[in-house]
$ cat start.txt   # compact mmCIF, C-alpha atoms
# COMPACT_ATOMS: atom_id res chain seq x y z
CA MET K 1 194.97 114.14 66.68
CA VAL K 2 191.40 115.13 65.81
CA SER K 3 188.85 112.40 66.48
CA SER K 4 186.37 111.29 63.81
CA ILE K 5 183.55 112.86 65.82
CA GLN K 6 185.28 116.22 66.09
CA HIS K 7 186.24 116.08 62.41
CA ARG K 8 182.58 115.50 61.48
CA ARG K 9 181.47 118.41 63.65
CA ASN K 10 184.11 120.65 62.14
CA GLU K 11 182.81 119.75 58.67
CA ILE K 12 179.21 120.35 59.79
CA SER K 13 180.22 123.80 61.04
CA LYS K 14 181.78 124.61 57.66
CA LEU K 15 178.65 123.46 55.80
CA VAL K 16 176.34 125.49 58.02
CA ASN K 17 178.31 128.66 57.36
CA GLN K 18 178.65 127.96 53.63
CA LYS K 19 175.01 127.16 52.96
CA ASN K 20 173.30 129.19 55.74
CA TYR K 21 171.17 126.10 56.50
CA VAL K 22 171.72 122.33 56.62
CA GLU K 23 169.20 119.53 56.96
CA ILE K 24 169.63 116.57 59.31
CA SER K 25 168.78 114.05 56.58
CA ASP K 26 171.41 115.51 54.24
CA LEU K 27 174.08 115.44 56.95
CA SER K 28 173.18 111.85 57.82
CA ASN K 29 173.69 110.78 54.21
CA ARG K 30 176.84 112.84 53.75
CA PHE K 31 178.63 111.43 56.81
CA ASN K 32 177.05 107.95 56.70
CA VAL K 33 175.76 108.11 60.28
CA SER K 34 172.28 107.94 61.78
CA GLU K 35 170.05 110.99 62.07
CA MET K 36 170.14 110.51 65.86
CA THR K 37 173.93 110.89 65.76
CA ILE K 38 173.59 114.10 63.76
CA ARG K 39 171.02 115.42 66.26
CA ARG K 40 173.48 114.79 69.08
CA ASP K 41 176.17 116.60 67.10
CA LEU K 42 173.92 119.60 66.53
CA GLU K 43 172.84 119.70 70.17
CA LYS K 44 176.47 119.66 71.32
CA MET K 45 177.45 122.33 68.78
CA GLU K 46 174.52 124.54 69.78
CA ASN K 47 175.59 124.29 73.44
CA GLU K 48 179.06 125.40 72.35
CA GLY K 49 177.60 128.42 70.56
CA LEU K 50 178.54 127.21 67.07
CA LEU K 51 175.08 127.11 65.48
CA ILE K 52 171.34 127.31 66.11
CA ARG K 53 169.14 124.24 65.83
CA VAL K 54 165.90 124.68 63.88
CA LEU K 55 163.19 122.26 62.78
CA GLY K 56 164.84 119.58 60.65
CA GLY K 57 168.33 121.06 60.69
CA ALA K 58 170.53 123.95 61.79
CA LYS K 59 171.52 127.47 60.74
CA PRO K 60 174.51 129.67 61.61
CA ILE K 61 174.46 132.16 64.46
CA GLN K 62 176.00 134.74 62.15
CA LYS K 63 175.40 134.81 58.42
CA SER K 64 178.31 133.70 56.27
CA PHE K 65 177.45 136.07 53.45
CA VAL K 66 177.23 139.83 53.93
CA GLU K 67 174.27 140.95 51.82
CA ASP K 68 172.34 144.14 51.35
CA ASN K 69 169.29 144.74 53.44
CA LEU K 70 166.12 143.63 51.60
CA ASN K 71 164.75 147.16 51.45
CA LEU K 72 167.99 148.43 49.97
CA ARG K 73 167.94 145.65 47.37
CA ALA K 74 164.40 146.60 46.38
CA SER K 75 165.31 150.25 45.88
CA GLU K 76 168.56 149.63 43.99
CA ASN K 77 168.19 150.54 40.30
CA LEU K 78 164.44 150.55 40.77
CA LEU K 79 163.64 152.50 37.59
CA SER K 80 165.77 150.08 35.57
CA LYS K 81 163.89 147.11 37.04
CA GLN K 82 160.56 148.73 36.25
CA VAL K 83 161.64 149.31 32.63
CA MET K 84 162.58 145.63 32.31
CA ALA K 85 159.34 144.55 33.96
CA ARG K 86 157.24 146.44 31.40
CA GLU K 87 159.05 144.56 28.63
CA ALA K 88 158.84 141.22 30.45
CA ILE K 89 155.07 141.41 30.98
CA LYS K 90 154.61 141.38 27.19
CA LEU K 91 155.84 137.77 27.15
CA ILE K 92 153.04 136.48 29.40
CA GLN K 93 149.96 135.02 27.73
CA ASP K 94 146.55 133.97 28.98
CA GLY K 95 146.71 130.59 30.69
CA ASP K 96 150.44 130.66 31.43
CA VAL K 97 151.99 129.17 34.55
CA ILE K 98 154.56 131.76 35.58
CA GLY K 99 157.56 131.26 37.85
CA PHE K 100 159.23 134.04 39.85
CA ASP K 101 162.46 133.66 41.79
CA ALA K 102 163.34 135.64 44.92
CA SER K 103 164.90 138.56 43.03
CA THR K 104 163.61 142.11 43.31
CA SER K 105 163.59 142.28 39.49
CA ALA K 106 161.11 139.41 39.32
CA ALA K 107 159.04 141.13 42.02
CA GLU K 108 158.60 144.14 39.73
CA VAL K 109 157.16 141.86 37.02
CA ALA K 110 154.88 140.23 39.59
CA LYS K 111 153.36 143.63 40.39
CA LEU K 112 152.17 143.86 36.78
CA VAL K 113 150.48 140.45 36.54
CA LYS K 114 147.59 141.47 38.80
CA ASP K 115 145.61 142.76 35.84
CA LEU K 116 146.01 139.52 33.86
CA LYS K 117 143.47 136.72 33.80
CA ASN K 118 143.80 132.95 34.06
CA ILE K 119 147.41 133.10 35.27
CA THR K 120 149.04 130.80 37.82
CA VAL K 121 152.11 132.03 39.69
CA VAL K 122 154.70 129.71 41.23
CA THR K 123 157.28 131.36 43.48
CA ASN K 124 159.55 131.00 46.47
CA ASN K 125 159.30 134.75 47.05
CA ILE K 126 157.10 135.31 50.10
CA THR K 127 156.74 139.01 49.36
CA ILE K 128 155.32 138.24 45.90
CA ALA K 129 152.86 135.68 47.33
CA LEU K 130 151.60 138.16 49.93
CA ASP K 131 151.31 140.90 47.31
CA LEU K 132 149.12 138.69 45.08
CA ILE K 133 146.70 137.64 47.83
CA SER K 134 144.29 140.44 46.99
CA SER K 135 144.27 139.57 43.26
CA GLU K 136 142.53 136.83 41.29
CA ILE K 137 145.88 135.22 40.47
CA THR K 138 146.28 131.61 41.60
CA THR K 139 149.52 131.61 43.58
CA ILE K 140 151.61 128.64 44.69
CA LEU K 141 154.19 129.45 47.39
CA LEU K 142 156.91 126.82 47.44
CA GLY K 143 157.80 125.31 50.80
CA GLY K 144 161.20 125.31 52.49
CA TYR K 145 163.12 127.13 55.18
CA VAL K 146 162.89 130.91 55.14
CA ARG K 147 165.89 132.99 54.13
CA PRO K 148 165.48 136.31 55.99
CA ASN K 149 167.52 138.56 53.68
CA SER K 150 165.45 137.76 50.60
CA ILE K 151 162.20 136.82 52.39
CA SER K 152 162.09 133.62 50.37
CA THR K 153 161.99 129.85 50.80
CA MET K 154 164.68 127.37 49.79
CA GLY K 155 166.20 124.01 50.70
CA THR K 156 165.69 120.34 49.86
CA SER K 157 161.92 120.43 50.39
CA LEU K 158 161.59 123.13 47.71
CA LYS K 159 163.37 120.88 45.20
CA LYS K 160 161.05 117.97 46.00
CA TYR K 161 157.99 120.19 45.68
CA MET K 162 159.11 121.30 42.23
CA GLU K 163 159.19 117.70 40.97
CA SER K 164 155.40 117.80 40.54
CA ILE K 165 155.12 121.30 39.06
CA ASN K 166 155.64 122.49 35.47
CA ILE K 167 156.24 126.15 34.65
CA ASP K 168 155.69 127.74 31.24
CA LYS K 169 157.80 130.87 31.72
CA MET K 170 160.32 131.51 34.47
CA PHE K 171 161.46 135.04 35.35
CA ILE K 172 164.80 135.15 37.15
CA SER K 173 167.69 137.43 37.98
CA ALA K 174 171.04 137.05 39.73
CA ARG K 175 174.09 139.06 40.78
CA GLY K 176 176.00 138.79 37.52
CA LEU K 177 175.82 137.97 33.79
CA THR K 178 178.61 137.05 31.36
CA LEU K 179 178.50 135.10 28.13
CA GLN K 180 181.04 132.58 29.42
CA GLU K 181 179.40 131.88 32.81
CA GLY K 182 175.81 132.91 32.23
CA LEU K 183 173.85 134.01 35.28
CA THR K 184 175.82 133.77 38.54
CA ASP K 185 174.88 134.37 42.15
CA SER K 186 176.78 135.07 45.35
CA THR K 187 174.94 132.56 47.54
CA ILE K 188 174.78 128.84 46.87
CA ASP K 189 171.44 128.12 48.54
CA GLU K 190 169.64 130.90 46.67
CA GLY K 191 171.23 129.75 43.42
CA GLU K 192 170.11 126.16 44.02
CA ALA K 193 166.54 127.33 44.62
CA LYS K 194 166.59 129.12 41.27
CA GLN K 195 167.94 125.98 39.59
CA ALA K 196 165.16 123.82 41.00
CA MET K 197 162.59 126.08 39.34
CA ILE K 198 164.59 126.49 36.14
CA HIS K 199 164.76 122.72 35.61
CA LYS K 200 160.95 122.51 35.49
CA SER K 201 160.46 125.55 33.22
CA ASN K 202 159.95 125.64 29.45
CA HIS K 203 161.11 129.21 28.83
CA ILE K 204 163.68 131.10 30.90
CA ILE K 205 163.61 134.90 30.94
CA ALA K 206 166.55 136.64 32.65
CA LEU K 207 166.08 140.18 33.93
CA VAL K 208 169.49 141.83 34.31
CA ASP K 209 169.88 145.48 35.24
CA HIS K 210 172.91 147.36 33.93
CA SER K 211 174.94 146.99 37.15
CA LYS K 212 175.21 143.21 36.70
CA ILE K 213 176.52 143.13 33.14
CA GLY K 214 180.04 141.67 32.99
CA VAL K 215 179.94 140.62 36.66
CA LYS K 216 180.84 137.04 37.65
CA LYS K 217 179.91 135.66 41.09
CA LEU K 218 180.59 132.44 42.99
CA PHE K 219 177.76 130.15 41.87
CA GLN K 220 176.58 129.48 38.31
CA VAL K 221 172.79 129.53 38.20
CA ILE K 222 172.36 128.81 34.48
CA PRO K 223 174.65 128.92 31.41
CA SER K 224 173.92 131.72 28.95
CA ASP K 225 172.99 129.32 26.12
CA GLU K 226 170.16 127.87 28.24
CA ILE K 227 168.51 131.27 28.76
CA ASN K 228 165.76 131.83 26.18
CA THR K 229 165.30 135.58 26.60
CA ILE K 230 167.58 138.16 28.21
CA ILE K 231 166.21 141.60 29.08
CA VAL K 232 168.66 144.38 29.98
CA ASN K 233 167.98 148.07 30.50
CA GLU K 234 169.88 150.62 28.42
CA TYR K 235 172.39 152.67 30.41
CA ASP K 236 174.26 155.82 29.43
CA SER K 237 177.41 154.94 31.37
CA PHE K 238 178.18 151.37 30.34
CA THR K 239 181.91 150.71 30.67
CA GLU K 240 183.86 149.56 27.62
CA GLU K 241 183.97 146.08 29.15
CA GLN K 242 180.20 146.04 29.58
CA LYS K 243 179.69 147.25 26.01
CA GLU K 244 181.82 144.34 24.81
CA VAL K 245 179.77 141.89 26.88
CA ILE K 246 176.57 143.27 25.34
CA SER K 247 178.06 143.01 21.85
CA GLU K 248 178.99 139.38 22.53
CA PHE K 249 175.44 138.59 23.57
CA LYS K 250 173.97 140.32 20.54
CA ARG K 251 176.22 138.23 18.30
CA ASN K 252 175.55 134.95 20.07
CA HIS K 253 172.08 135.13 21.61
CA LEU K 254 168.88 134.98 19.58
CA ASP K 255 166.69 137.00 21.96
CA PHE K 256 168.77 139.63 23.73
CA ARG K 257 166.70 142.74 24.42
CA LEU K 258 168.34 146.04 25.36
CA ILE K 259 165.45 148.26 26.49
CA LYS K 260 165.68 152.04 26.57
CA ASN K 261 164.67 153.68 29.83
CA ASP K 262 162.09 155.94 28.18
CA GLU K 263 160.11 153.04 26.65

$ encode --input "start.txt" --output "structure tokens"
Amino acid sequence: MVSSIQHRRNEISKLVNQKNYVEISDLSNRFNVSEMTIRRDLEKMENEGLLIRVLGGAKPIQKSFVEDNLNLRASENLLSKQVMAREAIKLIQDGDVIGFDASTSAAEVAKLVKDLKNITVVTNNITIALDLISSEITTILLGGYVRPNSISTMGTSLKKYMESINIDKMFISARGLTLQEGLTDSTIDEGEAKQAMIHKSNHIIALVDHSKIGVKKLFQVIPSDEINTIIVNEYDSFTEEQKEVISEFKRNHLDFRLIKNDE
């Protein structure tokens, strides 16, 4: 029979591999034990080769989600992302507080804001923050643990930080878009980071390249009816299913923009 201690450690192991990072305080609340008890659990589990302890929590030895290399993600459908970025930049006005998630689509928009004045950028994307250092843009990099694959921050501390920040326009992307499920992502922790920023934003702009139309992933980031503007690049080889998804959005969404690649 499995003891209560071993059961708790088994559950901790599952959480670490599901979320890619867990915090001691969250585990203490979840299992109704002291933080010292959780620290002892994590130390024992690290000695057994089950996880790696880090400041304030633990992460898995091997990632639970197999994702593309960051450089590959950045190069995927690059021209499509640049087309969407040129449309997205038109929505930004002088004095706006702009939010960018960790997506490579949002990063393409961020490259275009350097020439704007009186703009504040809020992001969990470390690459965007570094890229804007040489500009006159005021940039707020949200705190949290660092997710290597997306070079971004996330976790409970990011959510707390967002409680005191208000964003005018939030630019986001994800791994899939359908009318029924909205924007969906393949990783829970990255999706939760997006949600934390979305909840403090007045206007949500989704940037969705053609490969994500009609795709549904594990975690719902935001329902389609809560997205204010959807920008999609035109594509010559949309499948019949994707064409139907686009038609559904055009019928049901007030600001759905299908942008031709030569614009």

$ closest_residue --input "start.txt" --among "K:Ile126, K:Asp41, K:Ala85, K:Thr239" --to "Val208 in chain K" --atoms "all atoms listed in the file"
K:Ala85

$ atom_distance --input "start.txt" --atom1 "CA of Leu207 in chain K" --atom2 "CA of Ser173 in chain K"
5.2 Å

$ atom_distance --input "start.txt" --atom1 "CA of Met36 in chain K" --atom2 "CA of Val146 in chain K"
24.2 Å

$ atom_distance --input "start.txt" --atom1 "CA of Ile222 in chain K" --atom2 "CA of Leu79 in chain K"
25.4 Å

$ residues_near_point --input "start.txt" --point "(160.1, 132.4, 32.0)" --cutoff "8 Å" --atoms "all atoms listed in the file" --output "list in words"
Ile98, Gly99, Ile167, Asp168, Lys169, Met170, Phe171, Ile172, Ser201, Asn202, His203, Ile204, Ile205 and Ala206 of chain K

$ closest_residue --input "start.txt" --among "K:Asn166, K:Ser135, K:Ser80, K:Gln18" --to "Ser186 in chain K" --atoms "only C-alpha atoms"
K:Gln18

$ residues_around --input "start.txt" --residues "Thr156 in chain K" --least-positions-apart "4" --cutoff "12 Å" --atoms "all atoms listed in the file" --output "list in words"
Lys19, Tyr21, Val22, Glu23, Ile24, Ser25, Asp26, Gly56, Gly57, Leu142, Gly143, Gly144, Tyr145, Lys160, Tyr161, Met162, Glu163, Asp189, Glu190, Glu192, Ala193, Gln195 and Ala196 of chain K

$ closest_residue --input "start.txt" --among "K:Lys14, K:Lys114, K:Lys159, K:Arg30" --to "Thr138 in chain K" --atoms "all atoms listed in the file"
K:Lys114

$ residues_near_point --input "start.txt" --point "(163.5, 144.7, 19.7)" --cutoff "12 Å" --atoms "only C-alpha atoms" --output "ChimeraX atom specification"
/K:87,229-232,250,254-260,263

$ decode --input "start.txt" --residues "range 164-206 of chain K" --atoms "C-alpha atoms" --output "PDB file, in the first residue's frame"
ATOM      1  CA  SER K 164      -0.734  46.340 -10.699  1.00  0.00           C
ATOM      2  CA  ILE K 165      -0.374  46.833 -14.463  1.00  0.00           C
ATOM      3  CA  ASN K 166      -2.971  47.865 -17.051  1.00  0.00           C
ATOM      4  CA  ILE K 167      -2.446  47.255 -20.770  1.00  0.00           C
ATOM      5  CA  ASP K 168      -4.242  49.105 -23.561  1.00  0.00           C
ATOM      6  CA  LYS K 169      -3.593  46.637 -26.383  1.00  0.00           C
ATOM      7  CA  MET K 170      -2.345  43.076 -26.054  1.00  0.00           C
ATOM      8  CA  PHE K 171      -0.783  41.232 -28.994  1.00  0.00           C
ATOM      9  CA  ILE K 172      -0.869  37.452 -28.639  1.00  0.00           C
ATOM     10  CA  SER K 173      -0.651  34.253 -30.613  1.00  0.00           C
ATOM     11  CA  ALA K 174      -0.983  30.549 -29.834  1.00  0.00           C
ATOM     12  CA  ARG K 175      -0.771  27.134 -31.484  1.00  0.00           C
ATOM     13  CA  GLY K 176      -4.344  26.972 -32.742  1.00  0.00           C
ATOM     14  CA  LEU K 177      -7.529  28.934 -33.503  1.00  0.00           C
ATOM     15  CA  THR K 178     -11.115  27.705 -33.896  1.00  0.00           C
ATOM     16  CA  LEU K 179     -14.402  29.519 -33.440  1.00  0.00           C
ATOM     17  CA  GLN K 180     -15.570  27.007 -30.835  1.00  0.00           C
ATOM     18  CA  GLU K 181     -12.405  26.983 -28.673  1.00  0.00           C
ATOM     19  CA  GLY K 182     -10.777  30.291 -29.539  1.00  0.00           C
ATOM     20  CA  LEU K 183      -7.016  30.479 -29.128  1.00  0.00           C
ATOM     21  CA  THR K 184      -5.461  27.294 -27.742  1.00  0.00           C
ATOM     22  CA  ASP K 185      -1.925  26.391 -26.729  1.00  0.00           C
ATOM     23  CA  SER K 186      -0.003  23.167 -26.219  1.00  0.00           C
ATOM     24  CA  THR K 187       1.580  24.103 -22.890  1.00  0.00           C
ATOM     25  CA  ILE K 188      -0.359  25.012 -19.767  1.00  0.00           C
ATOM     26  CA  ASP K 189       2.226  27.276 -18.154  1.00  0.00           C
ATOM     27  CA  GLU K 190       2.700  29.373 -21.287  1.00  0.00           C
ATOM     28  CA  GLY K 191      -1.068  29.603 -21.711  1.00  0.00           C
ATOM     29  CA  GLU K 192      -1.506  30.761 -18.111  1.00  0.00           C
ATOM     30  CA  ALA K 193       1.103  33.482 -18.625  1.00  0.00           C
ATOM     31  CA  LYS K 194      -0.854  34.743 -21.627  1.00  0.00           C
ATOM     32  CA  GLN K 195      -4.065  34.714 -19.578  1.00  0.00           C
ATOM     33  CA  ALA K 196      -2.513  36.783 -16.803  1.00  0.00           C
ATOM     34  CA  MET K 197      -1.730  39.526 -19.315  1.00  0.00           C
ATOM     35  CA  ILE K 198      -5.027  39.181 -21.167  1.00  0.00           C
ATOM     36  CA  HIS K 199      -7.028  39.740 -17.979  1.00  0.00           C
ATOM     37  CA  LYS K 200      -5.423  43.179 -17.511  1.00  0.00           C
ATOM     38  CA  SER K 201      -5.778  44.268 -21.163  1.00  0.00           C
ATOM     39  CA  ASN K 202      -8.482  46.431 -22.740  1.00  0.00           C
ATOM     40  CA  HIS K 203      -8.087  45.251 -26.338  1.00  0.00           C
ATOM     41  CA  ILE K 204      -6.897  41.799 -27.428  1.00  0.00           C
ATOM     42  CA  ILE K 205      -5.320  41.371 -30.852  1.00  0.00           C
ATOM     43  CA  ALA K 206      -4.636  37.788 -31.984  1.00  0.00           C
TER      44      ALA K 206
END
